[in-house]
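What's in query.cif: mmCIF, C-alpha atoms
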```cif
data_run
#
loop_
_atom_site.label_atom_id
_atom_site.label_comp_id
_atom_site.auth_asym_id
_atom_site.auth_seq_id
_atom_site.Cartn_x
_atom_site.Cartn_y
_atom_site.Cartn_z
CA MET C 803 -46.43 14.39 -20.37
CA ALA C 804 -50.01 15.63 -20.86
CA ILE C 805 -49.66 19.09 -19.29
CA ARG C 806 -46.50 19.92 -21.18
CA ILE C 807 -47.95 18.73 -24.49
CA THR C 808 -51.15 20.68 -23.87
CA LEU C 809 -49.21 23.88 -23.23
CA TYR C 810 -47.06 23.33 -26.29
CA VAL C 811 -50.19 22.86 -28.41
CA VAL C 812 -51.86 25.97 -26.97
CA PHE C 813 -48.80 28.15 -27.44
CA ILE C 814 -48.02 26.86 -30.91
CA VAL C 815 -51.61 27.36 -32.01
CA GLY C 816 -51.45 30.91 -30.60
CA ILE C 817 -48.21 31.56 -32.50
CA VAL C 818 -49.75 30.26 -35.73
CA ILE C 819 -52.92 32.30 -35.27
CA PHE C 820 -51.14 35.55 -34.47
CA ALA C 821 -48.55 34.98 -37.19
CA CYS C 822 -51.32 34.39 -39.71
CA LEU C 823 -53.14 37.54 -38.60
CA THR C 824 -49.90 39.53 -38.92
CA ILE C 825 -49.28 38.15 -42.39
CA LEU C 826 -52.84 38.90 -43.42
CA LYS C 827 -52.53 42.48 -42.21
CA ILE C 828 -49.24 42.92 -44.05
CA ARG C 829 -50.78 41.41 -47.15
CA LYS C 830 -53.76 43.71 -46.84
CA GLY C 831 -51.47 46.78 -46.56
CA ILE C 832 -49.56 45.68 -49.64
CA LEU C 833 -52.80 45.27 -51.63
CA GLU C 834 -54.05 48.71 -50.53
CA LYS C 835 -50.70 50.24 -51.52
CA GLU C 836 -50.89 48.58 -54.94
CA GLU C 837 -54.45 49.82 -55.38
CA LEU C 838 -53.40 53.39 -54.55
CA ASP C 839 -50.40 53.17 -56.89
CA ASP C 840 -52.62 51.96 -59.73
CA TYR C 841 -54.96 54.86 -59.19
CA SER C 842 -52.06 57.31 -59.16
CA LYS C 843 -50.79 55.93 -62.46
CA GLN C 844 -54.25 56.24 -63.98
CA PHE C 845 -54.37 59.85 -62.78
CA GLU C 846 -50.99 60.64 -64.24
CA ASN C 847 -51.89 59.03 -67.52
CA GLY C 848 -55.26 60.83 -67.75
CA LYS C 849 -54.10 64.44 -67.22
CA PHE C 850 -52.73 64.66 -70.82
CA TYR C 851 -56.05 63.73 -72.43
CA ARG C 852 -58.70 65.29 -70.18
CA GLY C 853 -59.75 68.82 -69.44
CA LYS C 854 -58.63 71.05 -66.60
CA ASP C 855 -61.86 70.67 -64.61
CA VAL C 856 -61.73 66.92 -64.79
CA GLU C 857 -58.12 66.94 -63.78
CA GLU C 858 -58.89 68.94 -60.62
CA GLU C 859 -61.66 66.53 -59.69
CA ASP C 860 -59.37 63.52 -60.23
CA LYS C 861 -56.71 65.27 -58.18
CA ARG C 862 -59.07 65.76 -55.24
CA GLU C 863 -60.19 62.14 -55.45
CA LEU C 864 -56.54 61.05 -55.46
CA GLU C 865 -55.88 63.13 -52.37
CA ILE C 866 -58.88 61.54 -50.60
CA LYS C 867 -57.72 58.05 -51.51
CA THR C 868 -54.22 58.88 -50.36
CA LYS C 869 -55.45 60.11 -46.99
CA ASP C 870 -57.70 57.05 -46.62
CA TYR C 871 -54.75 54.78 -47.42
CA GLU C 872 -52.59 56.52 -44.85
CA LEU C 873 -55.25 55.99 -42.18
CA LYS C 874 -55.61 52.30 -43.09
CA ARG C 875 -51.87 51.96 -43.31
CA HIS C 876 -51.43 53.35 -39.80
CA LYS C 877 -54.16 51.07 -38.44
CA ASN C 878 -52.61 48.04 -40.17
CA LEU C 879 -49.23 48.86 -38.72
CA ILE C 880 -50.71 48.95 -35.23
CA GLN C 881 -52.49 45.63 -35.76
CA ILE C 882 -49.41 44.09 -37.33
CA GLY C 883 -47.35 45.20 -34.34
CA PHE C 884 -49.94 43.88 -31.86
CA PHE C 885 -50.31 40.46 -33.51
CA GLY C 886 -46.57 40.25 -33.98
CA VAL C 887 -45.93 40.99 -30.32
CA LEU C 888 -48.50 38.36 -29.30
CA ALA C 889 -46.85 35.83 -31.61
CA VAL C 890 -43.47 36.62 -30.09
CA ILE C 891 -44.91 36.32 -26.57
CA MET C 892 -46.41 32.94 -27.49
CA LEU C 893 -43.06 31.86 -28.87
CA ILE C 894 -41.29 32.93 -25.68
CA CYS C 895 -43.90 31.09 -23.56
CA THR C 896 -43.45 28.03 -25.74
CA ILE C 897 -39.74 28.14 -25.07
CA LEU C 898 -39.91 28.90 -21.37
CA ILE C 899 -43.09 27.52 -19.79
CA PRO C 900 -43.82 23.90 -20.92
CA GLY C 901 -40.21 22.82 -20.55
CA ASN C 902 -40.19 23.83 -16.88
CA ILE C 903 -43.23 21.74 -16.00
CA HIS C 904 -42.31 18.18 -15.03
CA GLN C 905 -44.86 15.44 -14.36
CA VAL C 906 -43.99 12.21 -12.54
CA ASN C 907 -46.59 9.51 -13.17
CA THR C 908 -47.72 6.74 -10.87
CA GLY C 909 -45.26 3.86 -10.98
CA GLU C 910 -42.34 6.20 -11.61
CA VAL C 911 -39.76 8.08 -9.61
CA ALA C 912 -37.68 10.99 -10.93
CA VAL C 913 -34.12 11.82 -10.01
CA VAL C 914 -33.43 15.57 -10.31
CA ARG C 915 -30.03 16.62 -11.59
CA HIS C 916 -28.90 20.27 -11.33
CA MET C 917 -26.19 20.99 -13.86
CA GLY C 918 -25.47 17.25 -13.93
CA LYS C 919 -25.40 16.78 -10.13
CA VAL C 920 -28.08 14.70 -8.39
CA VAL C 921 -29.91 16.99 -5.97
CA GLY C 922 -33.06 15.05 -5.09
CA MET C 923 -35.92 12.80 -6.08
CA ARG C 924 -39.51 13.43 -7.09
CA GLU C 925 -42.40 11.12 -6.38
CA PRO C 926 -45.55 11.02 -8.56
CA GLY C 927 -46.93 14.55 -9.07
CA VAL C 928 -46.40 17.81 -11.05
CA TYR C 929 -43.33 19.98 -10.37
CA TRP C 930 -41.84 23.29 -11.65
CA ASP C 931 -38.11 23.22 -12.30
CA TRP C 932 -36.00 25.40 -14.57
CA TYR C 933 -35.21 23.00 -17.37
CA PHE C 934 -32.15 24.91 -18.58
CA THR C 935 -30.35 23.88 -15.38
CA ASN C 936 -32.44 21.00 -13.96
CA ASP C 937 -33.29 17.80 -15.77
CA TYR C 938 -35.36 14.80 -14.67
CA VAL C 939 -34.18 11.20 -15.05
CA MET C 940 -37.18 8.89 -14.90
CA PHE C 941 -37.06 5.39 -13.42
CA ASP C 942 -39.94 2.95 -13.78
CA THR C 943 -40.70 1.44 -10.35
CA LYS C 944 -43.20 -1.13 -11.62
CA LEU C 945 -42.29 -4.81 -11.59
CA LYS C 946 -40.40 -5.71 -14.75
CA SER C 947 -38.63 -8.76 -16.12
CA THR C 948 -35.56 -9.37 -18.21
CA GLU C 949 -34.52 -12.52 -20.04
CA ILE C 950 -30.92 -13.68 -20.03
CA LEU C 951 -29.62 -16.33 -22.42
CA THR C 952 -26.19 -17.59 -21.49
CA GLN C 953 -23.93 -20.62 -21.21
CA SER C 954 -21.97 -22.20 -18.40
CA TYR C 955 -19.99 -25.37 -17.71
CA THR C 956 -20.15 -28.31 -15.33
CA SER C 957 -17.17 -29.70 -13.44
CA ASP C 958 -16.50 -32.17 -16.29
CA ALA C 959 -16.50 -29.35 -18.90
CA GLN C 960 -19.94 -30.06 -20.37
CA THR C 961 -21.66 -27.01 -21.87
CA VAL C 962 -24.96 -25.97 -20.29
CA ASP C 963 -27.41 -23.62 -22.04
CA LEU C 964 -29.57 -21.55 -19.73
CA ASP C 965 -32.59 -19.35 -20.24
CA VAL C 966 -33.13 -17.22 -17.13
CA VAL C 967 -35.96 -14.76 -16.49
CA ILE C 968 -35.40 -12.27 -13.66
CA GLN C 969 -38.19 -10.16 -12.22
CA TYR C 970 -36.89 -6.93 -10.72
CA GLN C 971 -38.17 -3.66 -9.32
CA VAL C 972 -36.33 -0.39 -8.70
CA LYS C 973 -36.25 0.54 -5.02
CA THR C 974 -38.09 3.87 -4.86
CA ASN C 975 -36.14 5.26 -1.92
CA GLU C 976 -32.77 4.40 -3.54
CA ALA C 977 -33.33 5.66 -7.08
CA ASP C 978 -30.93 8.56 -6.53
CA LYS C 979 -28.19 6.12 -5.50
CA LEU C 980 -28.92 4.05 -8.60
CA ALA C 981 -28.58 7.16 -10.76
CA ILE C 982 -25.30 8.14 -9.08
CA THR C 983 -23.79 4.64 -9.20
CA TYR C 984 -25.06 3.24 -12.50
CA GLY C 985 -26.71 6.15 -14.30
CA THR C 986 -29.42 4.13 -16.03
CA ILE C 987 -31.36 0.95 -15.44
CA SER C 988 -29.69 -0.59 -18.50
CA ASN C 989 -26.36 -0.58 -16.66
CA VAL C 990 -28.03 -2.28 -13.68
CA LYS C 991 -29.40 -4.97 -15.98
CA TYR C 992 -25.90 -5.54 -17.33
CA GLN C 993 -24.64 -5.99 -13.78
CA MET C 994 -27.47 -8.44 -13.05
CA GLU C 995 -26.44 -10.47 -16.09
CA THR C 996 -22.92 -10.62 -14.68
CA VAL C 997 -24.26 -11.86 -11.35
CA VAL C 998 -26.38 -14.50 -13.09
CA LEU C 999 -23.40 -15.85 -15.01
CA ASP C 1000 -21.21 -15.86 -11.90
CA ARG C 1001 -23.78 -17.68 -9.75
CA MET C 1002 -24.47 -20.29 -12.43
CA LYS C 1003 -20.75 -20.98 -12.80
CA SER C 1004 -20.45 -21.30 -9.02
CA VAL C 1005 -23.30 -23.82 -8.71
CA LEU C 1006 -22.81 -25.81 -11.90
CA GLY C 1007 -19.04 -26.01 -11.46
CA LYS C 1008 -19.42 -28.02 -8.25
CA ASN C 1009 -21.03 -31.05 -9.94
CA ASP C 1010 -20.62 -33.04 -13.10
CA ALA C 1011 -23.12 -33.21 -15.94
CA GLU C 1012 -24.60 -36.54 -14.89
CA TYR C 1013 -25.42 -35.23 -11.43
CA THR C 1014 -26.93 -32.07 -12.95
CA VAL C 1015 -29.13 -34.10 -15.29
CA ARG C 1016 -30.32 -36.38 -12.49
CA ASN C 1017 -31.02 -33.46 -10.18
CA ARG C 1018 -32.05 -30.85 -12.72
CA GLU C 1019 -34.88 -29.34 -10.68
CA ALA C 1020 -32.84 -29.17 -7.47
CA VAL C 1021 -29.97 -27.51 -9.36
CA LYS C 1022 -32.42 -24.97 -10.85
CA VAL C 1023 -33.77 -24.08 -7.42
CA ASN C 1024 -30.24 -23.73 -6.06
CA ILE C 1025 -29.19 -21.40 -8.89
CA GLU C 1026 -32.38 -19.31 -8.61
CA GLN C 1027 -31.93 -18.86 -4.87
CA ASN C 1028 -28.26 -17.93 -5.26
CA ILE C 1029 -29.09 -15.31 -7.92
CA MET C 1030 -31.85 -13.75 -5.80
CA ASP C 1031 -29.67 -13.63 -2.68
CA SER C 1032 -26.71 -12.13 -4.56
CA ILE C 1033 -28.71 -9.34 -6.22
CA ASN C 1034 -30.86 -8.50 -3.20
CA ASP C 1035 -27.86 -8.46 -0.87
CA GLY C 1036 -25.71 -6.46 -3.30
CA ASN C 1037 -25.64 -2.71 -3.98
CA TYR C 1038 -27.76 -2.83 -7.13
CA PHE C 1039 -30.66 -0.76 -5.70
CA VAL C 1040 -33.26 -3.13 -7.14
CA PHE C 1041 -35.38 -5.82 -5.51
CA VAL C 1042 -35.64 -9.24 -7.17
CA PRO C 1043 -38.76 -11.14 -5.97
CA SER C 1044 -38.25 -14.16 -8.21
CA VAL C 1045 -35.85 -15.84 -10.62
CA ASN C 1046 -37.10 -18.49 -13.01
CA ILE C 1047 -34.81 -20.75 -15.02
CA ARG C 1048 -37.02 -21.71 -17.95
CA ASP C 1049 -34.44 -23.94 -19.55
CA LEU C 1050 -31.31 -25.75 -18.38
CA SER C 1051 -30.15 -28.10 -21.12
CA PHE C 1052 -27.09 -29.79 -22.53
CA SER C 1053 -26.28 -30.63 -26.12
CA GLU C 1054 -28.71 -32.91 -27.94
CA VAL C 1055 -26.12 -35.72 -28.12
CA TYR C 1056 -25.39 -35.56 -24.40
CA GLU C 1057 -29.08 -35.31 -23.49
CA ARG C 1058 -29.83 -38.43 -25.54
CA ALA C 1059 -26.92 -40.32 -23.97
CA ALA C 1060 -27.99 -39.21 -20.50
CA GLU C 1061 -31.54 -40.34 -21.20
CA GLU C 1062 -30.31 -43.77 -22.30
CA ARG C 1063 -28.15 -44.05 -19.17
CA ALA C 1064 -31.09 -43.01 -17.03
CA ILE C 1065 -33.28 -45.70 -18.63
CA ALA C 1066 -30.56 -48.32 -18.07
CA ASN C 1067 -30.16 -47.20 -14.46
CA GLN C 1068 -33.91 -47.36 -13.94
CA LYS C 1069 -34.01 -50.91 -15.28
CA MET C 1070 -31.12 -51.87 -13.03
CA GLU C 1071 -32.77 -50.25 -10.04
CA GLN C 1072 -36.02 -52.01 -10.88
CA ALA C 1073 -34.18 -55.34 -11.06
CA LYS C 1074 -32.57 -54.63 -7.68
CA ILE C 1075 -35.94 -53.75 -6.23
CA GLU C 1076 -37.51 -56.95 -7.55
CA GLN C 1077 -34.57 -59.01 -6.24
CA THR C 1078 -34.83 -57.30 -2.87
CA GLN C 1079 -38.57 -57.96 -2.81
CA GLU C 1080 -37.99 -61.66 -3.56
CA LEU C 1081 -35.34 -61.88 -0.84
CA ASN C 1082 -37.63 -60.11 1.57
CA LYS C 1083 -40.46 -62.48 0.67
CA ALA C 1084 -38.23 -65.52 1.23
CA GLU C 1085 -37.00 -64.08 4.51
CA ASN C 1086 -40.57 -63.35 5.56
CA ASP C 1087 -41.66 -66.88 4.64
CA LYS C 1088 -38.76 -68.24 6.69
CA LYS C 1089 -39.67 -66.03 9.65
CA ILE C 1090 -43.31 -67.05 9.33
CA ALA C 1091 -42.38 -70.77 9.31
CA ILE C 1092 -40.09 -70.34 12.33
CA ALA C 1093 -42.70 -68.30 14.15
CA LYS C 1094 -45.37 -70.89 13.34
CA ALA C 1095 -43.19 -73.76 14.64
CA GLN C 1096 -42.33 -71.79 17.76
CA ALA C 1097 -45.98 -70.96 18.26
CA GLU C 1098 -46.99 -74.61 17.93
CA ALA C 1099 -44.26 -75.67 20.38
CA GLU C 1100 -45.24 -72.96 22.84
CA SER C 1101 -48.87 -73.89 22.38
CA ALA C 1102 -48.14 -77.56 23.14
CA GLN C 1103 -46.07 -76.57 26.17
CA LEU C 1104 -48.77 -74.24 27.39
CA ARG C 1105 -51.40 -76.93 26.82
CA ALA C 1106 -49.34 -79.48 28.81
CA GLU C 1107 -48.71 -76.98 31.58
CA ALA C 1108 -52.40 -76.11 31.64
CA GLU C 1109 -53.40 -79.77 31.86
CA ALA C 1110 -50.86 -80.37 34.64
CA GLU C 1111 -52.11 -77.29 36.47
CA VAL C 1112 -55.71 -78.49 36.09
CA ALA C 1113 -54.72 -81.91 37.45
CA ARG C 1114 -52.86 -80.33 40.34
CA ILE C 1115 -55.75 -78.03 41.13
CA LYS C 1116 -58.17 -80.97 40.95
CA ALA C 1117 -55.96 -83.08 43.23
CA GLN C 1118 -55.63 -80.21 45.65
CA ALA C 1119 -59.38 -79.72 45.54
CA ASP C 1120 -59.97 -83.40 46.24
CA GLN C 1121 -57.48 -83.26 49.07
CA ASP C 1122 -59.15 -80.16 50.50
CA VAL C 1123 -62.57 -81.77 50.22
CA ALA C 1124 -61.31 -84.88 51.98
CA LYS C 1125 -59.74 -82.80 54.73
CA ILE C 1126 -62.92 -80.81 55.16
CA GLU C 1127 -64.96 -84.00 55.38
CA ALA C 1128 -62.48 -85.49 57.88
CA ASP C 1129 -62.48 -82.30 59.94
CA THR C 1130 -66.27 -82.28 59.86
CA ALA C 1131 -66.41 -85.88 61.05
CA LEU C 1132 -63.82 -85.19 63.74
CA TYR C 1133 -65.74 -82.18 64.91
CA ALA C 1134 -68.96 -84.14 65.01
CA GLY C 1135 -67.21 -86.94 66.96
CA GLN C 1136 -65.71 -84.50 69.42
CA LYS C 1137 -69.12 -82.98 69.91
CA ASN C 1138 -70.75 -86.37 70.60
CA ALA C 1139 -67.87 -87.39 72.85
CA ALA C 1140 -68.24 -84.23 74.87
CA ILE C 1141 -71.94 -84.92 75.26
CA ALA C 1142 -71.24 -88.46 76.37
CA ILE C 1143 -68.59 -87.42 78.91
CA GLN C 1144 -70.90 -84.79 80.34
CA LYS C 1145 -73.58 -87.37 80.62
CA LEU C 1146 -71.10 -89.81 82.26
CA ALA C 1147 -70.11 -87.15 84.77
CA GLY C 1148 -73.72 -86.24 85.49
CA ILE C 1149 -74.77 -89.83 86.21
CA ASN C 1150 -71.90 -90.38 88.62
CA GLY C 1151 -71.91 -86.96 90.29
CA TRP C 1152 -68.65 -85.90 88.77
CA SER C 1153 -67.55 -82.70 87.07
CA VAL C 1154 -65.85 -82.23 83.65
CA ILE C 1155 -62.98 -79.82 82.90
CA THR C 1156 -62.51 -79.15 79.13
CA ILE C 1157 -58.99 -78.46 77.84
CA THR C 1158 -58.71 -77.22 74.15
CA GLU C 1159 -55.43 -77.55 72.20
CA ASP C 1160 -54.82 -75.70 68.86
CA VAL C 1161 -52.61 -78.13 66.92
CA ASN C 1162 -52.11 -75.85 63.82
CA ASN C 1163 -51.79 -72.51 65.64
CA THR C 1164 -54.92 -71.25 63.84
CA PRO C 1165 -57.27 -70.06 66.55
CA ASP C 1166 -59.94 -69.01 64.08
CA ASN C 1167 -60.42 -72.54 62.69
CA LEU C 1168 -62.23 -74.72 65.24
CA LEU C 1169 -61.75 -77.82 63.09
CA ASP C 1170 -58.02 -77.70 63.84
CA ASP C 1171 -58.64 -77.82 67.62
CA ILE C 1172 -58.41 -81.04 69.78
CA ASN C 1173 -60.49 -81.05 73.01
CA THR C 1174 -59.44 -83.06 76.06
CA TYR C 1175 -61.66 -83.52 79.10
CA LYS C 1176 -60.71 -84.05 82.76
CA VAL C 1177 -63.31 -85.79 84.96
CA VAL C 1178 -62.99 -84.80 88.61
CA LYS C 1179 -64.91 -85.41 91.87
CA TYR C 1180 -65.30 -83.36 95.00
CA ASP C 1181 -63.85 -85.02 98.16
CA GLY C 1182 -65.14 -82.40 100.60
CA ASP C 1183 -62.17 -80.05 100.33
CA THR C 1184 -61.23 -79.88 96.65
CA TYR C 1185 -61.72 -81.52 93.24
CA VAL C 1186 -59.57 -84.54 92.45
CA ALA C 1187 -59.37 -86.69 89.35
CA VAL C 1188 -61.37 -89.91 89.38
CA THR C 1189 -59.43 -93.12 89.30
CA SER C 1190 -59.43 -95.68 86.53
CA GLU C 1191 -61.54 -98.07 88.58
CA GLU C 1192 -64.08 -95.32 89.29
CA LEU C 1193 -64.16 -94.37 85.63
CA ALA C 1194 -64.77 -97.97 84.56
CA LYS C 1195 -67.66 -98.29 86.95
CA GLY C 1196 -69.05 -94.98 85.83
CA VAL C 1197 -68.95 -96.12 82.20
CA GLU C 1198 -70.91 -99.25 83.14
CA LYS C 1199 -73.61 -97.01 84.62
CA LEU C 1200 -73.66 -94.94 81.45
CA MET C 1201 -74.04 -98.04 79.31
CA GLU C 1202 -77.02 -99.03 81.34
CA VAL C 1203 -78.57 -95.66 80.66
CA TYR C 1204 -77.87 -95.96 76.88
CA LYS C 1205 -79.71 -99.22 76.81
CA TYR C 1206 -82.84 -97.25 77.28
CA GLU C 1207 -81.98 -94.51 74.79
CA THR C 1208 -81.39 -94.43 71.12
CA TRP C 1209 -77.87 -95.67 70.59
CA ASP C 1210 -76.05 -97.11 67.63
CA GLY C 1211 -73.93 -99.34 69.79
CA LYS C 1212 -70.70 -97.46 69.30
CA LEU C 1213 -68.61 -96.41 72.25
CA PRO C 1214 -66.25 -93.53 72.23
CA VAL C 1215 -62.58 -94.38 72.14
CA TYR C 1216 -60.66 -92.47 74.73
CA GLN C 1217 -57.34 -92.46 76.41
CA MET C 1218 -56.63 -91.63 80.01
CA SER C 1219 -53.34 -90.33 81.19
CA ASP C 1220 -51.69 -90.95 84.55
CA ASN C 1221 -52.91 -87.62 85.88
CA GLY C 1222 -56.55 -88.48 85.12
CA THR C 1223 -56.92 -86.48 81.89
CA ILE C 1224 -59.24 -88.12 79.28
CA ALA C 1225 -58.53 -87.51 75.59
CA VAL C 1226 -61.30 -88.44 73.14
CA VAL C 1227 -59.89 -90.06 70.04
CA THR C 1228 -63.08 -91.04 68.15
CA PRO C 1229 -66.71 -90.79 69.12
#
```

Written as structure tokens, how would this file's structure read?
Amino acid sequence: MAIRITLYVVFIVGIVIFACLTILKIRKGILEKEELDDYSKQFENGKFYRGKDVEEEDKRELEIKTKDYELKRHKNLIQIGFFGVLAVIMLICTILIPGNIHQVNTGEVAVVRHMGKVVGMREPGVYWDWYFTNDYVMFDTKLKSTEILTQSYTSDAQTVDLDVVIQYQVKTNEADKLAITYGTISNVKYQMETVVLDRMKSVLGKNDAEYTVRNREAVKVNIEQNIMDSINDGNYFVFVPSVNIRDLSFSEVYERAAEERAIANQKMEQAKIEQTQELNKAENDKKIAIAKAQAEAESAQLRAEAEAEVARIKAQADQDVAKIEADTALYAGQKNAAIAIQKLAGINGWSVITITEDVNNTPDNLLDDINTYKVVKYDGDTYVAVTSEELAKGVEKLMEVYKYETWDGKLPVYQMSDNGTIAVVTP
């Protein structure tokens, strides 16, 4: 922690500096004392060989030096005490201050324990806590990974070697629970390894080795998902975003045997596929031949039906044309007959009553109508039908008239009933 280290450096440097100054002052006092002692010895040695005047002068000089030493000695003692006190203060600060400053860095969370009991958590920042009673347990909340190498067994007792990598992250808001339950993240990792082994046994134990080899990737995904669900749903206070099985392998002998079986199975499957394709081709050829024959038969039938329909339509058309021509001729004859009868009646002073009969009950089609005419005469009171004799004579008169008009020589064919009604049959 930068702040704590900085304070330790500052205080230790201060202790060293003040300790050195104290030592230097002590050393200086010792040297001054030695210098004064040397001078005193010289004075004592010189008083037996020098005169009285010189001795008095040396004595005064010794007194001056002694007073000067006492002054320096007193000053040194003060300085030694001052630097010593400062060194002691620095030592006390070194013991008390840096240890109480706790820094939680980004990507970390601290669990605070007071006399061993968890009392709270600290997020990233700088805190002051008495370190004699409170200690900080740091947990890294950044995404980390752990690799687990283990073995398991399939349902047919084949050994499986697994290399599993788990990515995990401490849940920030549950770090205190992690500290209470497991103490350290190492214990959590041990529990995760137990979960991994248990989940792998659960998944691999359901199938034999051959199935596992054939469906290796699906088995991996199944194990990975089971591990993630078990850890995330359990009380491990960590979040596992991903589990990656980097290796799931059997013994070399079994792997080689499984590979050979897989190749043999592939060849067999390929042979089945080719056989199925040939059967399908033969079946398709058969269906095509049947469909072609059916199509030809249906085509011939349709062609015959079409030709028959064309013939029928043509015959019907011819019949309709003939009927239309006949109706046209009949209508023309009826028209000419009506003209002739009117002319017959006019020459003889008779009158004509026209009676129309619809033979096909189709009043809109005049060609289906048959007209009959009744020739009558007026006898002074009412109209009566002319007799056969009168009609014959009247016709003779009409023939005389036609001699002088354009006439093709054809006479209308008619029938006369007993009541005097004349029906024109042909013009």

Mind checking which residues fall within 10 Å of C:Arg1048, counting only C-alpha atoms, ignoring those fewer than 5 positions away in the same chain, and posting them as a PDB file with C-alpha atoms, keeping the file's coordinate frame?
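What landed in around_29.pdb:
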```
ATOM      1  CA  GLU C 949     -34.520 -12.520 -20.040  1.00  0.00           C
ATOM      2  CA  LEU C 964     -29.570 -21.550 -19.730  1.00  0.00           C
ATOM      3  CA  ASP C 965     -32.590 -19.350 -20.240  1.00  0.00           C
ATOM      4  CA  VAL C 966     -33.130 -17.220 -17.130  1.00  0.00           C
ATOM      5  CA  VAL C 967     -35.960 -14.760 -16.490  1.00  0.00           C
ATOM      6  CA  LYS C1022     -32.420 -24.970 -10.850  1.00  0.00           C
TER       7      LYS C1022
END
```

Could you tell me which residues the PyMOL selection byres ((chain C and resi 955) around 12) grabs in this file, written as a short mmCIF file (atom, residue, chain, number, x, y, z; two decimals) with C-alpha atoms, in the frame of the given file?
```cif
data_model
loop_
_atom_site.label_atom_id
_atom_site.label_comp_id
_atom_site.auth_asym_id
_atom_site.auth_seq_id
_atom_site.Cartn_x
_atom_site.Cartn_y
_atom_site.Cartn_z
CA THR C 952 -26.19 -17.59 -21.49
CA GLN C 953 -23.93 -20.62 -21.21
CA SER C 954 -21.97 -22.20 -18.40
CA THR C 956 -20.15 -28.31 -15.33
CA SER C 957 -17.17 -29.70 -13.44
CA ASP C 958 -16.50 -32.17 -16.29
CA ALA C 959 -16.50 -29.35 -18.90
CA GLN C 960 -19.94 -30.06 -20.37
CA THR C 961 -21.66 -27.01 -21.87
CA VAL C 962 -24.96 -25.97 -20.29
CA ASP C 963 -27.41 -23.62 -22.04
CA LEU C 964 -29.57 -21.55 -19.73
CA LEU C 999 -23.40 -15.85 -15.01
CA ASP C 1000 -21.21 -15.86 -11.90
CA ARG C 1001 -23.78 -17.68 -9.75
CA MET C 1002 -24.47 -20.29 -12.43
CA LYS C 1003 -20.75 -20.98 -12.80
CA SER C 1004 -20.45 -21.30 -9.02
CA VAL C 1005 -23.30 -23.82 -8.71
CA LEU C 1006 -22.81 -25.81 -11.90
CA GLY C 1007 -19.04 -26.01 -11.46
CA LYS C 1008 -19.42 -28.02 -8.25
CA ASN C 1009 -21.03 -31.05 -9.94
CA ASP C 1010 -20.62 -33.04 -13.10
CA ALA C 1011 -23.12 -33.21 -15.94
CA THR C 1014 -26.93 -32.07 -12.95
CA LEU C 1050 -31.31 -25.75 -18.38
CA SER C 1051 -30.15 -28.10 -21.12
CA PHE C 1052 -27.09 -29.79 -22.53
CA SER C 1053 -26.28 -30.63 -26.12
#
```

Centre and edge lengths of an axis-aligned box around all listed atoms of stretch 992-1000 of chain C, with 8 Å added on each side, are to be given in Å to one decimal, as AutoDock Vina command-line options.
```
--center_x -24.3 --center_y -10.7 --center_z -14.3 --size_x 22.3 --size_y 26.3 --size_z 22.0
```

- Task: Using the chain letters and numbers from the file, give me the residues hit by the PyMOL selection byres ((chain C and resi 901) around 12), as a list in words.
- Result: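 Listing what the PyMOL selection byres ((chain C and resi 901) around 12) selects in the shown file: Met803, Ile805, Arg806, Ile807, Thr808, Leu809, Tyr810, Ile894, Cys895, Thr896, Ile897, Leu898, Ile899, Pro900, Asn902, Ile903, His904, Gln905, Tyr929, Trp930, Asp931, Trp932, Tyr933, Phe934, Thr935, Asn936, Asp937 and Tyr938 of chain C.
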
- Pick out the closest residue to C:Val1045 from this set: C:Lys946, C:Lys1179, C:Lys874, C:Arg862. Count only C-alpha atoms.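 Of C:Lys946, C:Lys1179, C:Lys874, C:Arg862, the one nearest C:Val1045, counting only C-alpha atoms, is C:Lys946.
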
- Message: Can you measure atom CA of C:Thr1156 to atom CA of C:Val1178 for me? One decimal in Å is fine.
- Response: 11.0 Å

- Query: So what does the PyMOL selection byres ((chain C and resi 1030) around 8) actually pick up in this one, as an NGL selection string?
  - Reply: :C and (1026-1029 or 1031-1034 or 1042-1045)

Writer output for current selection, C-alpha atoms, as a PDB file, in the frame of the given file:
```pdb
ATOM      1  CA  GLU C1026     -32.380 -19.310  -8.610  1.00  0.00           C
ATOM      2  CA  GLN C1027     -31.930 -18.860  -4.870  1.00  0.00           C
ATOM      3  CA  ASN C1028     -28.260 -17.930  -5.260  1.00  0.00           C
ATOM      4  CA  ILE C1029     -29.090 -15.310  -7.920  1.00  0.00           C
ATOM      5  CA  ASP C1031     -29.670 -13.630  -2.680  1.00  0.00           C
ATOM      6  CA  SER C1032     -26.710 -12.130  -4.560  1.00  0.00           C
ATOM      7  CA  ILE C1033     -28.710  -9.340  -6.220  1.00  0.00           C
ATOM      8  CA  ASN C1034     -30.860  -8.500  -3.200  1.00  0.00           C
ATOM      9  CA  VAL C1042     -35.640  -9.240  -7.170  1.00  0.00           C
ATOM     10  CA  PRO C1043     -38.760 -11.140  -5.970  1.00  0.00           C
ATOM     11  CA  SER C1044     -38.250 -14.160  -8.210  1.00  0.00           C
ATOM     12  CA  VAL C1045     -35.850 -15.840 -10.620  1.00  0.00           C
TER      13      VAL C1045
END
```

- Query: Just how far from atom CA of C:Asp1049 is atom CA of C:Asn1024, in Å to one decimal?
  - Reply: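 Computing the Euclidean distance for atom CA of C:Asn1024 and atom CA of C:Asp1049 yields 14.1 Å.
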
- Task: Calculate how many Å separate atom CA of C:Ser842 from atom CA of C:Gly883, rounding to one decimal.
- Result: 28.0 Å
